[in-house]
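For reference, the structure discussed in these notes is given below.
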Amino acid sequence: MALMTYAQAAATALGELMRVDPRVVALGEDLGRGGVFGQYRGLQAEFGAQRVIDTPISEAGIMGAAVGMALAGLRPVVEMRVVDFALCAVDEIVNQAAKNRFMFGGQGRVPLVMRLPIGIWSASAAQHSQSLEAWFAHIPGLVVVTPATPQDNHGLLCAALASGDPVVYMEHKELWATQAEVDTNEVIELGRARIARAGNDLTIVTWSRGLQPALDAAHALSAAGISAEVIDLRTLWPWDRDAVLASSARTKRLLVVHEAVQVAGFGAEIAATVAEALNVPVKRLGAPRIPVGYAQPLENESRLTADKIVATAKEFCK
Amino acid sequence: MAFADSPSLLIELYRTMARIRAFENAAEIASQGGVAAWGLAAAAKPALVRGPLHLSTGQEAVAVGVCKHLTHQDLLTSTHRGHGHTLAKGASVVPMMCELFGRATGTNQGKGGSMHIADFSVGMLGANGVVAAGIPIAVGAAHALKIKGEPHVVACFFGDGAVNRGPFLEGLNWAKVYELPVLFVCEDNRISATTPTAPMTGGDGAMARARSLGLDGLTVDGNDVMAVHDATATLVAQVRAGGGPRFLHALTYRFKGHVSVDPGTYRDATEVEAALLSDPLGLARAKLLALGVTAGDVDAIDVAARAEVAAAVAAAEAAPWPEARAAFEDVANTGGRGPWR
């Protein structure tokens with residue numbers, strides 16, 4: 001075990017993978033100096049500029065090149081800085097990376113991890129704050145991973161690179177400095193949720209930065225006599241349907257909370273699945289359908305907070 | 001160059017062009033009625049080639065002249081108009097025709113069709129339904145070859161329309177920045193889908209844009225297979241020697257419409273008639289005759305090509321359809337457990 005931040009956990013995992021597998025390369029803007037969030041710190045010094053590649057500001061070029069690298073036998077890890085920039089590379093992600101294996105009849109594979117950091121952070125306003133995980137979960141061929149803790153940012157990055165598929169790996173920008181003990185030997189399987197807190201009256205499903213406010217809310221709810229189970233989904237595709245159904249069947253109530261806009265968010269998929277499979281009430285809490293504003297009072301309207309979760313849960317459990 | 005005096009080389013190039021021409025002519029016939037667009041009614045009987053079929057008829061010399069210099073270990077990315085590149089790279093006619101017919105025995109197991117035809121076993125990494133999308137992919141493949149220290153090159157085909165898309169700039173810049181082993185081939189057929197490219201393009205066009213990004217290259221008559229061959233010989237030698245990327249601008253013409261069921265009536269008939277006088281097969285035939293090859297020998301090449309393709313059509317028509325369950329295969333490894341995937 002070692003104490004590390006969410007960013008250090010990812011850098012540690014990538015370093016371990018690069019040491020054992022010469023096919024692993026990283027590419028993106030500003031990687032040489034450690035990445036804009038320090039999540040590549042030390043890697044270029046150890047592995048050289050040929051494997052930790054500083055690229056031009058060319059998101060479509062970066063993503064398309066990574067697809068070509070993967071087809072030619074490398075295992076690229078792509079940095080997009082923020083998911084908002086990856087929108088410049090949507091053809092490369094959706095039409096190229098995601099479709100390649102299927103449309104060419106299984107002739108090739110695209111083992112590619114694309115890091116698309118999400119979320120509200122540091123008053124970054126409308127074009128640097130989005131949580132677009134549902135977009136990518138909608139695309140057949142893509143895996144979607146959303147780590148919430150340093151431990152998971154180590155284990156899930158290892159699992160993502162081992163999967164052999166194109167993986168949309170979505171770290172949350174506000175979590176970079178989160179510190180915790182990390183066991184670098186722990187193996188995490190894609191598609192396995194984690195029960196972060198056990199409870200009996202209500203199942204709260206969340207992921208990424210939703211986890212901490214959900215845990216804080218569960219703590220507050222317990223004082224009000226409501227025992228909430230909190231499930232960190234960890235990966236949105238594949239998602240752990242069995243764990244969510246089992247918990248919801250037991251608690252008889254499902255609440256999905258996420259920072260992303262609620263309309264057509266991935267919470268809708270989970271709520272619909274549970275409603276179809278079980279005769280239990282479901283509820284969602286996400287952001288209103290507004291761009292993230294700059295000023296604090298505006299940004300607050302888009303933030304997921306423990307208070308909002310508590311209020312929603314109390315109303316739900318009446 | 002000595003190449004121009006060699007009938008055996010020109011015969012070989014002509015043979016590949018004749019196979020492409022025969023393949024596309026047969027596919028064109030098999031596609032009639034397949035897409036009820038362009039003002040044409042769908043035929044009563046479903047076409048054997050159901051989807052969009054983009055023909056490279058008239059452009060064969062570019063594919064053949066370039067690919068003569070590539071091995072199966074060299075890689076290639078193509079466009080939506082990719083039959084010629086695929087055949088010239090070494091793919092076989094039967095699995096290609098099966099793919100156009102959507103059969104399980106196709107190069108892509110019936111999952112891609114004409115627009116996504118690929119044969120990775122000969123280094124052909126795929127046709128692409130998105131203009132210019134193959135450019136960054138080719139560049140990345142070349143980057144991987146360089147990192148792995150493999151002595152191969154990548155040929156990247158695209159049309160004149162692609163030079164107006166962002167990935168053209170991003171891909172060429174990338175190839176130059178990292179001095180990658182890529183030969184960019186702009187097949188300039190002068191038309192972007194159904195609209196002339198020149199009035200849509202600022203500045204001096206493809207070659208000027210490549211030079212502005214630091215790439216050297218050559219402009220050739222893309223209907224003269226020997227000219228393409230000789231220019232590519234020079235450029236590929238430079239790329240293989242570690243000289244970084246090069247650019248070939250090949251001027252040619254698309255005889256057919258944008259897709260096979262498009263009659264292309266938006267074009268000036270005199271322009272098409274003039275272009276037909278520069279048919280790359282006609283030009284090569286004339287050169288072969290001038291070199292002393294008999295008309296009968298050239299005809300025999302055409303007959304053999306048509307016979308090979310006719311047999312492929314028969315094989316494709318008899319070939320099995322994919323099982324429905326194949327629609328769920330090769331999506332991803334990590335698709336989740338159970339039927340909801």
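Labeling convention for the structure tokens: chains A, B, ... as they appear, residues from 1 per chain, ligands from 1 in order of appearance.
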
(request) Specify as an MDAnalysis selection string all residues of chain A found within 9 Å of chain B, counting only C-alpha atoms. (result) chainID A and resid 23 50:51 55:74 91:92 95:96 98:109 140:143 163:166 190:191 237:241

(request) Tell me, as number ranges by chain, which residues lie within 9 Å of segment 286-299 of chain A, counting only C-alpha atoms; anything in the same chain fewer than 5 positions away does not count. (result) A: 120, 123-130, 256-263, 265, 267, 304

Would you save the residues from that selection as an mmCIF file, in the first residue's frame, using C-alpha atoms?
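Below is the file again_32.cif, written as the result:
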```
data_model
loop_
_atom_site.group_PDB
_atom_site.id
_atom_site.type_symbol
_atom_site.label_atom_id
_atom_site.label_comp_id
_atom_site.auth_asym_id
_atom_site.auth_seq_id
_atom_site.Cartn_x
_atom_site.Cartn_y
_atom_site.Cartn_z
ATOM 1 C CA ILE A 120 -16.795 20.724 -13.150
ATOM 2 C CA ALA A 123 -14.571 27.558 -12.528
ATOM 3 C CA SER A 124 -13.776 26.298 -16.009
ATOM 4 C CA ALA A 125 -17.187 27.239 -17.405
ATOM 5 C CA ALA A 126 -19.162 25.864 -20.313
ATOM 6 C CA GLN A 127 -16.486 24.325 -22.590
ATOM 7 C CA HIS A 128 -14.238 22.700 -19.977
ATOM 8 C CA SER A 129 -16.725 21.247 -17.485
ATOM 9 C CA GLN A 130 -18.965 18.757 -19.249
ATOM 10 C CA VAL A 256 -29.368 7.289 -9.545
ATOM 11 C CA VAL A 257 -27.299 10.441 -9.074
ATOM 12 C CA HIS A 258 -24.767 11.929 -11.466
ATOM 13 C CA GLU A 259 -23.131 15.235 -12.290
ATOM 14 C CA ALA A 260 -24.030 14.975 -15.969
ATOM 15 C CA VAL A 261 -27.173 16.603 -17.304
ATOM 16 C CA GLN A 262 -30.123 14.503 -16.195
ATOM 17 C CA VAL A 263 -31.937 14.519 -19.560
ATOM 18 C CA GLY A 265 -28.099 10.841 -18.961
ATOM 19 C CA GLY A 267 -29.071 7.418 -15.059
ATOM 20 C CA LEU A 304 -24.183 17.583 -7.638
#
```

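Residues of segment 76-139 of chain A that DSSP, applied to the backbone, places in helix (DSSP H, G or I): Val83, Asp84, Phe85, Ala86, Leu87, Cys88, Ala89, Val90, Asp91, Glu92, Ile93, Val94, Asn95, Gln96, Ala97, Asn100, Arg101, Phe102, Met103, Glu133, Ala134, Trp135, Phe136 and Ala137 of chain A.
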
Let me see the file: selected residues, N, CA and C atoms, as a compact mmCIF listing (two decimals), in the first residue's frame.
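That gives us out32.txt:
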```
# COMPACT_ATOMS: atom_id res chain seq x y z
N VAL A 83 -12.76 16.22 -21.85
CA VAL A 83 -13.66 15.55 -22.80
C VAL A 83 -14.17 16.53 -23.85
N ASP A 84 -14.28 17.79 -23.44
CA ASP A 84 -14.78 18.81 -24.37
C ASP A 84 -13.89 18.90 -25.62
N PHE A 85 -12.59 18.70 -25.47
CA PHE A 85 -11.69 18.74 -26.63
C PHE A 85 -11.84 17.50 -27.50
N ALA A 86 -12.23 16.40 -26.88
CA ALA A 86 -12.39 15.16 -27.65
C ALA A 86 -13.51 15.29 -28.67
N LEU A 87 -14.35 16.32 -28.50
CA LEU A 87 -15.41 16.51 -29.49
C LEU A 87 -14.83 16.88 -30.85
N CYS A 88 -13.59 17.36 -30.88
CA CYS A 88 -12.90 17.60 -32.16
C CYS A 88 -12.50 16.27 -32.80
N ALA A 89 -12.62 15.19 -32.08
CA ALA A 89 -12.17 13.89 -32.58
C ALA A 89 -13.30 12.86 -32.55
N VAL A 90 -14.52 13.32 -32.66
CA VAL A 90 -15.64 12.39 -32.54
C VAL A 90 -15.70 11.41 -33.72
N ASP A 91 -15.35 11.86 -34.93
CA ASP A 91 -15.31 10.90 -36.04
C ASP A 91 -14.32 9.78 -35.73
N GLU A 92 -13.15 10.18 -35.24
CA GLU A 92 -12.10 9.19 -34.97
C GLU A 92 -12.52 8.23 -33.85
N ILE A 93 -13.27 8.74 -32.87
CA ILE A 93 -13.70 7.88 -31.77
C ILE A 93 -14.87 6.99 -32.20
N VAL A 94 -15.88 7.60 -32.79
CA VAL A 94 -17.16 6.91 -33.01
C VAL A 94 -17.16 6.13 -34.33
N ASN A 95 -16.69 6.76 -35.40
CA ASN A 95 -16.73 6.08 -36.71
C ASN A 95 -15.52 5.20 -36.96
N GLN A 96 -14.40 5.53 -36.33
CA GLN A 96 -13.17 4.78 -36.62
C GLN A 96 -12.86 3.78 -35.50
N ALA A 97 -12.48 4.28 -34.33
CA ALA A 97 -12.07 3.37 -33.24
C ALA A 97 -13.18 2.37 -32.90
N ASN A 100 -14.11 -0.15 -36.07
CA ASN A 100 -13.10 -0.84 -36.85
C ASN A 100 -13.22 -2.35 -36.78
N ARG A 101 -13.23 -2.87 -35.57
CA ARG A 101 -13.21 -4.33 -35.41
C ARG A 101 -14.42 -4.97 -36.07
N PHE A 102 -15.59 -4.39 -35.85
CA PHE A 102 -16.82 -4.98 -36.39
C PHE A 102 -16.88 -4.85 -37.91
N MET A 103 -16.70 -3.61 -38.41
CA MET A 103 -17.01 -3.41 -39.83
C MET A 103 -15.98 -4.03 -40.75
N GLU A 133 -20.33 11.24 -20.42
CA GLU A 133 -20.18 9.78 -20.44
C GLU A 133 -21.32 9.07 -21.17
N ALA A 134 -22.53 9.62 -21.08
CA ALA A 134 -23.67 8.93 -21.72
C ALA A 134 -23.53 8.89 -23.24
N TRP A 135 -22.93 9.94 -23.81
CA TRP A 135 -22.72 9.94 -25.27
C TRP A 135 -21.97 8.68 -25.70
N PHE A 136 -20.92 8.38 -24.96
CA PHE A 136 -20.03 7.30 -25.39
C PHE A 136 -20.60 5.92 -25.03
N ALA A 137 -21.35 5.87 -23.91
CA ALA A 137 -22.00 4.61 -23.55
C ALA A 137 -23.00 4.20 -24.63
```

(request) Skip Gln59 of chain B itself and residues of its chain fewer than 6 positions away, then list as a PyMOL selection string all residues within 7 Å of it, counting only C-alpha atoms. (result) chain B and resi 223+252-254

(request) Name the residues in contact with Arg285 of chain B at a cut-off of 10 Å, using only C-alpha atoms, excluding same-chain residues fewer than 5 positions from it; report them as a ChimeraX atom specification. (result) /B:10-11,14,279-280,290-291,293-295,298-299

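Residues lying within 9 Å of Leu248 of chain B, counting only C-alpha atoms and ignoring same-chain neighbours fewer than 5 positions away, are Leu183, Phe184, Val185, Cys186, Glu187, Met207, Asp216, Gly217, Leu218, Thr219, Val220, Val228, Ala231, Thr232 and Leu235 of chain B.
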
Quick one: everything within 12 Å of Gly34 of chain A, counting only C-alpha atoms, minus sequence neighbours fewer than 4 positions away in the same chain. Send it as an mmCIF file with C-alpha atoms, in the first residue's frame.
```cif
data_model
loop_
_atom_site.group_PDB
_atom_site.id
_atom_site.type_symbol
_atom_site.label_atom_id
_atom_site.label_comp_id
_atom_site.auth_asym_id
_atom_site.auth_seq_id
_atom_site.Cartn_x
_atom_site.Cartn_y
_atom_site.Cartn_z
ATOM 1 C CA ALA A 7 -3.402 11.590 -10.605
ATOM 2 C CA GLN A 8 -0.382 9.756 -9.153
ATOM 3 C CA ALA A 10 -2.862 6.768 -12.883
ATOM 4 C CA ALA A 11 0.764 7.730 -13.548
ATOM 5 C CA ALA A 26 1.207 7.569 -24.495
ATOM 6 C CA LEU A 27 0.435 10.515 -26.715
ATOM 7 C CA GLY A 28 -1.165 13.894 -26.289
ATOM 8 C CA GLU A 29 -0.590 17.559 -25.742
ATOM 9 C CA ASP A 30 1.902 18.604 -23.044
ATOM 10 C CA GLY A 38 0.433 15.990 -13.625
ATOM 11 C CA GLN A 39 -1.072 12.638 -14.480
ATOM 12 C CA TYR A 40 1.975 11.722 -16.648
ATOM 13 C CA ARG A 41 4.622 13.151 -14.338
ATOM 14 C CA GLY A 42 7.975 11.418 -14.655
ATOM 15 C CA LEU A 43 6.975 9.140 -17.514
ATOM 16 C CA GLN A 44 8.795 10.870 -20.369
ATOM 17 C CA ALA A 45 11.975 11.012 -18.291
ATOM 18 C CA GLU A 46 11.784 7.255 -17.781
ATOM 19 C CA ALA A 49 10.003 11.048 -26.013
ATOM 20 C CA VAL A 52 5.609 9.436 -24.188
ATOM 21 C CA ILE A 53 4.858 11.586 -27.177
ATOM 22 C CA ASP A 54 4.260 15.323 -27.149
ATOM 23 C CA GLU A 79 -4.694 12.134 -23.593
ATOM 24 C CA ARG A 81 -7.010 16.995 -21.658
#
```

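Proximity to Ala13 of chain A at 9 Å, evaluated using only C-alpha atoms and with sequence-adjacent residues fewer than 3 positions away removed, yields Gln8, Ala9, Ala10, Glu16, Leu17, Met18, Asn153, His154, Gly155, Leu157, Cys158 and Thr184 of chain A.
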
(request) Could you check how far atom CA of Val182 of chain B sits from atom CA of Val239 of chain B, in Å to one decimal? (result)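 Pair atom CA of Val182 of chain B / atom CA of Val239 of chain B returns 6.7 Å.
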
(request) Quote the spacing between atom CA of Ala88 of chain B and atom CA of Ala311 of chain B in Å to one decimal place. (result) 18.9 Å

(message) From the options A:Ala223, A:Ala180, A:Met80, A:Val205, which residue's atoms come nearest to Ala271 of chain A, counting only C-alpha atoms?
(response)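 Closest residue, counting only C-alpha atoms: A:Val205.
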
(request) From a DSSP calculation on the backbone, collect every residue of segment 148-228 of chain A in strand (DSSP E or B) and output the set as a PyMOL selection string. (result) chain A and resi 166-169+172+179-182+194-197+202-206+228

Requested write-out: N, CA and C atoms of the selected residues, as a PDB file, in the first residue's frame:
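Saved the output as again12.pdb:
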```pdb
ATOM      1  N   PRO A 166     -11.327  -0.394 -27.634  1.00  0.00           N
ATOM      2  CA  PRO A 166     -11.234   1.057 -27.410  1.00  0.00           C
ATOM      3  C   PRO A 166     -11.993   1.435 -26.146  1.00  0.00           C
ATOM      4  N   VAL A 167     -11.282   2.047 -25.210  1.00  0.00           N
ATOM      5  CA  VAL A 167     -11.870   2.385 -23.912  1.00  0.00           C
ATOM      6  C   VAL A 167     -11.899   3.902 -23.756  1.00  0.00           C
ATOM      7  N   VAL A 168     -13.077   4.419 -23.455  1.00  0.00           N
ATOM      8  CA  VAL A 168     -13.214   5.834 -23.109  1.00  0.00           C
ATOM      9  C   VAL A 168     -13.025   5.913 -21.598  1.00  0.00           C
ATOM     10  N   TYR A 169     -11.890   6.459 -21.193  1.00  0.00           N
ATOM     11  CA  TYR A 169     -11.496   6.433 -19.786  1.00  0.00           C
ATOM     12  C   TYR A 169     -11.672   7.843 -19.232  1.00  0.00           C
ATOM     13  N   HIS A 172     -12.226  12.315 -13.427  1.00  0.00           N
ATOM     14  CA  HIS A 172     -12.904  13.566 -13.077  1.00  0.00           C
ATOM     15  C   HIS A 172     -11.864  14.572 -12.610  1.00  0.00           C
ATOM     16  N   GLN A 179      -6.489  12.075  -2.219  1.00  0.00           N
ATOM     17  CA  GLN A 179      -5.435  11.162  -1.758  1.00  0.00           C
ATOM     18  C   GLN A 179      -6.018   9.955  -1.029  1.00  0.00           C
ATOM     19  N   ALA A 180      -5.407   8.806  -1.251  1.00  0.00           N
ATOM     20  CA  ALA A 180      -5.822   7.601  -0.517  1.00  0.00           C
ATOM     21  C   ALA A 180      -4.728   6.544  -0.650  1.00  0.00           C
ATOM     22  N   GLU A 181      -4.822   5.535   0.219  1.00  0.00           N
ATOM     23  CA  GLU A 181      -3.919   4.394   0.126  1.00  0.00           C
ATOM     24  C   GLU A 181      -4.294   3.574  -1.118  1.00  0.00           C
ATOM     25  N   VAL A 182      -3.280   3.169  -1.884  1.00  0.00           N
ATOM     26  CA  VAL A 182      -3.525   2.386  -3.092  1.00  0.00           C
ATOM     27  C   VAL A 182      -2.734   1.086  -3.021  1.00  0.00           C
ATOM     28  N   ARG A 194     -18.902  -1.505  -7.135  1.00  0.00           N
ATOM     29  CA  ARG A 194     -18.422  -1.674  -5.760  1.00  0.00           C
ATOM     30  C   ARG A 194     -19.492  -1.117  -4.828  1.00  0.00           C
ATOM     31  N   ILE A 195     -19.849  -1.900  -3.848  1.00  0.00           N
ATOM     32  CA  ILE A 195     -20.772  -1.368  -2.839  1.00  0.00           C
ATOM     33  C   ILE A 195     -19.935  -0.543  -1.877  1.00  0.00           C
ATOM     34  N   ALA A 196     -20.080   0.782  -1.964  1.00  0.00           N
ATOM     35  CA  ALA A 196     -19.230   1.683  -1.188  1.00  0.00           C
ATOM     36  C   ALA A 196     -19.766   1.856   0.227  1.00  0.00           C
ATOM     37  N   ARG A 197     -21.045   1.616   0.401  1.00  0.00           N
ATOM     38  CA  ARG A 197     -21.641   1.676   1.740  1.00  0.00           C
ATOM     39  C   ARG A 197     -22.880   0.788   1.705  1.00  0.00           C
ATOM     40  N   LEU A 202     -32.716   2.125   0.695  1.00  0.00           N
ATOM     41  CA  LEU A 202     -32.625   2.869  -0.566  1.00  0.00           C
ATOM     42  C   LEU A 202     -31.291   2.536  -1.226  1.00  0.00           C
ATOM     43  N   THR A 203     -31.310   2.313  -2.537  1.00  0.00           N
ATOM     44  CA  THR A 203     -30.060   2.110  -3.274  1.00  0.00           C
ATOM     45  C   THR A 203     -29.727   3.389  -4.034  1.00  0.00           C
ATOM     46  N   ILE A 204     -28.551   3.932  -3.749  1.00  0.00           N
ATOM     47  CA  ILE A 204     -28.080   5.094  -4.514  1.00  0.00           C
ATOM     48  C   ILE A 204     -26.967   4.611  -5.445  1.00  0.00           C
ATOM     49  N   VAL A 205     -27.177   4.744  -6.744  1.00  0.00           N
ATOM     50  CA  VAL A 205     -26.155   4.354  -7.722  1.00  0.00           C
ATOM     51  C   VAL A 205     -25.507   5.627  -8.266  1.00  0.00           C
ATOM     52  N   THR A 206     -24.179   5.622  -8.317  1.00  0.00           N
ATOM     53  CA  THR A 206     -23.474   6.773  -8.835  1.00  0.00           C
ATOM     54  C   THR A 206     -22.133   6.336  -9.388  1.00  0.00           C
ATOM     55  N   ALA A 228     -29.098   4.132   3.549  1.00  0.00           N
ATOM     56  CA  ALA A 228     -28.888   4.137   2.095  1.00  0.00           C
ATOM     57  C   ALA A 228     -27.692   3.265   1.721  1.00  0.00           C
TER      58      ALA A 228
END
```

(request) Would you please work out which residue, of B:Ala26, B:Ile20, B:Gly149, B:Pro52, is nearest to Ala91 of chain B when using only C-alpha atoms? (result) B:Ile20

(message) Using Å and a single decimal, report how far atom CA of Arg267 of chain B sits from atom CA of Met200 of chain B.
(response) 16.1 Å
